[in-house]
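Asker: One structure coming up, written as structure tokens, with questions to follow.
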Number of protein chains: 2
Amino acid sequence: MNRKKSEKYNRIIAAATKMFAEKGYYKTRISEIAREAGIADGTIYIYFSHKDQILIALFEEKMQEVLDNMKRQIGLEDDPLAKIERFALTHLRLIEDNKDMAEIIQVELRQSSKFMKNYHNLKFSQYLDLIEDIIREGQKKNLIKKEVIPSIAKRAFFGALDEMSRYWVLSKSHKYDIETAAKQINSYFIHGIKT
Amino acid sequence: MNRKKSEKYNRIIAAATKMFAEKGYYKTRISEIAREAGIADGTIYIYFSHKDQILIALFEEKMQEVLDNMKRQIGLEDDPLAKIERFALTHLRLIEDNKDMAEIIQVELRQSSKFMKNYHNLKFSQYLDLIEDIIREGQKKNLIKKEVIPSIAKRAFFGALDEMSRYWVLSKSHKYDIETAAKQINSYFIHGIKT
DNA sequence: TAGTAATGTGAACGATTATTCATTTTTAGC
DNA sequence: GCTAAAAATGAATAATCGTTCACATTACTA
């Protein structure tokens, strides 16, 4: 049987997503994940060799979804500047619709290198590179200034979105909605880089 | 005696800064901090009631320094747009000059709410608010567009810098220097918001 | 339906580690 | 140089939790 498709496997990932978001990786007990998933502690070790494997699997699954979704969305636009706008909106909507996942990526993914020696988050780099590619394309079409360094611009743009996400995820009430935030960030950034 | 001024207190903070940056809060043992500081394990508990108090004290000390330094730096400029430029450069230089501290703020501060129930990072908010104030000032002087929402813009700008910091802190070699990065980010952002 | 493999269980284990505290060492006043 | 308080020590403690495994249950096959 394919472990990935097993019902239990998915239940464990779902339970871990909820618990890690709530208490963080270290404060979450295996027994809590098991209880949340409605299974015995030992069952988790049929599907995962160690606690950290749950977190890694969780990253991989979620990031793949996020990546696929974003590729699909920016594929709907032709104009590089429109792609950038759609990136922002899609990213922030994703955060709004997947708070637990967003919180884990915000908080745990960032420190994952600290406890998982050789876990390099390829998917995350690929996600960032989507922006870099759009910028290069925009430069080729003369829509974006040649002086813009794509690898800096991608981080600046992603960083802006990411900081908004952090605010979204960590505070209860918000002064403005996702659409407004996306529009603002796009406006700063697009004006800043276009020819 | 003032605990804050004690030599041992400072040695513990310094040792913790090094170890937390290297291994992360959870993976760092009290005994490792003690060894690094050249004292006995028990001595730490003369100065700090619990392990998490070391991290909190560390945040407070470092953030106060960062905040004071930034206020001094932006105080050197009159023009709001020049203040923003100086903010970026100062922030990135600080990261470059204090890698351990930067790494802790990047990684541990972000997840601190997860294990310290009621630790609200006031200093961090104040730091962000420096940007918001500059933007409001710029709007008053008609240098920055009225449509710019200061509380969104501050996060966007800080986020851009912060993502650059993350790259700086987490990767060994860099394609470009701090000055280039600051110049790029400033150029996008200033163009994006100015009237 | 019996037999067997796969899956699931949860109590017990053992390793880890923050914290304590009885004891020792240092400091400071006289 | 004596004394008491303060500071420091580090071995012992106690609690925590990831992981295991002997046993139980369920699913599958013929």
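Residues in the structure tokens are numbered from 1 in each chain, the chains being A, B, ... in the order shown, and ligands are numbered from 1 in the order shown.
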Write out as an MDAnalysis selection string all residues of range 21-144 of chain A that DSSP puts in helix (DSSP H, G or I) for this structure's backbone.
Answerer: chainID A and resid 21:23 30:37 41:47 51:75 80:97 99:107 109:115 122:140
Asker: Using only C-alpha atoms (C1' of nucleotides), find which residues of chain C lie within 9 Å of chain A and jot them down as JSON, numbers by chain.
Answerer: {"C": [7, 8, 9, 10]}
Asker: At a cut-off of 9 Å, list the chain D residues touching chain A, using only C-alpha atoms (C1' of nucleotides), as a VMD selection string.
Answerer: chain D and resid 17 to 20
Asker: Give me, as CSV, each residue of chain A that comes within 10 Å of chain B, together with its shortest interatomic pair and the distance in Å at one decimal, counting only C-alpha atoms, with rows ordered by chain and rising residue number.
Answerer:
```
residue,atom,partner,partner_atom,distance
A:Phe20,CA,B:Lys114,CA,9.5
A:Ala21,CA,B:Lys114,CA,8.8
A:Glu22,CA,B:Lys114,CA,7.6
A:Lys23,CA,B:Lys114,CA,5.6
A:Gly24,CA,B:Lys114,CA,5.8
A:Tyr25,CA,B:Lys114,CA,9.2
A:Tyr26,CA,B:Tyr26,CA,7.5
A:Lys27,CA,B:Phe115,CA,7.3
A:Glu103,CA,B:Gln111,CA,9.7
A:Ile104,CA,B:Gln111,CA,9.7
A:Gln106,CA,B:Arg110,CA,8.0
A:Val107,CA,B:Gln111,CA,5.5
A:Glu108,CA,B:Gln111,CA,7.6
A:Leu109,CA,B:Val107,CA,9.5
A:Arg110,CA,B:Val107,CA,6.2
A:Gln111,CA,B:Val107,CA,5.5
A:Ser112,CA,B:Val107,CA,9.2
A:Ser113,CA,B:Leu170,CA,9.0
A:Lys114,CA,B:Lys23,CA,5.7
A:Phe115,CA,B:Lys23,CA,7.4
A:Glu147,CA,B:Gln184,CA,8.6
A:Val148,CA,B:Gln184,CA,7.0
A:Ile149,CA,B:Gln184,CA,7.6
A:Ser151,CA,B:Lys175,CA,9.1
A:Ile152,CA,B:Ala181,CA,6.7
A:Ala153,CA,B:Ile185,CA,7.4
A:Lys154,CA,B:Ala160,CA,9.2
A:Arg155,CA,B:Glu163,CA,5.8
A:Ala156,CA,B:Ala160,CA,3.9
A:Phe157,CA,B:Ala160,CA,6.3
A:Phe158,CA,B:Ala160,CA,7.2
A:Gly159,CA,B:Ala160,CA,4.3
A:Ala160,CA,B:Ala156,CA,3.9
A:Leu161,CA,B:Ala156,CA,6.7
A:Asp162,CA,B:Gly159,CA,6.6
A:Glu163,CA,B:Gly159,CA,4.8
A:Met164,CA,B:Arg155,CA,6.3
A:Ser165,CA,B:Arg155,CA,9.7
A:Arg166,CA,B:Arg110,CA,9.1
A:Tyr167,CA,B:Arg155,CA,8.4
A:Leu170,CA,B:Ser113,CA,9.0
A:Lys175,CA,B:Ser151,CA,9.1
A:Tyr176,CA,B:Ile152,CA,9.0
A:Thr180,CA,B:Ile152,CA,9.2
A:Ala181,CA,B:Ile152,CA,6.7
A:Ala182,CA,B:Ile152,CA,9.6
A:Gln184,CA,B:Val148,CA,7.0
A:Ile185,CA,B:Ala156,CA,6.6
A:Asn186,CA,B:Gly192,CA,9.0
A:Ser187,CA,B:Gly192,CA,6.6
A:Tyr188,CA,B:Gly192,CA,3.8
A:Phe189,CA,B:Gly192,CA,5.8
A:Ile190,CA,B:Gly192,CA,7.1
A:His191,CA,B:Gly192,CA,4.7
A:Gly192,CA,B:Tyr188,CA,3.8
A:Ile193,CA,B:Tyr188,CA,5.7
A:Lys194,CA,B:Tyr188,CA,9.2
```
Asker: Name all residues at most 9 Å from Met63 in chain B (count only C-alpha atoms (C1' of nucleotides); drop same-chain ones fewer than 5 positions away) and give them as a list of chain:residue names.
Answerer: B:Leu58, B:Asp68, B:Ile105, B:Lys123, B:Phe124, B:Tyr127
Asker: Pick out the residues sitting within 10 Å of DA4 in chain D, and hand them over as a list in words; count only C-alpha atoms (C1' of nucleotides), and ignore anything fewer than 2 positions along from it in its own chain.
Answerer: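 Here the qualifying residues turn out to be DA28 and DG29 of chain C; DC2 and DA6 of chain D.
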Asker: Between CA of Ser125 in chain B and CA of Ser171 in chain B, what distance in Å does the model show, to one decimal?
Answerer: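 Rounded to one decimal, the two atoms are 26.9 Å apart.
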Asker: Contacts of DC21 in chain C at 12 Å or less, counting only C-alpha atoms (C1' of nucleotides), minus same-chain residues fewer than 6 places along, as number ranges by chain?
Answerer: B: 42, 45; D: 9-13
Asker: Distance CA of Gln126 in chain B-CA of Ile56 in chain B, one decimal place?
Answerer: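 Those two atoms sit 16.6 Å apart.
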Asker: Return the single residue from D:DA14, D:DA8, D:DC23, D:DT3 that is closest to DT20 in chain C, with distances computed using only C-alpha atoms (C1' of nucleotides).
Answerer: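 For DT20 in chain C, the nearest of the given residues is D:DA14.
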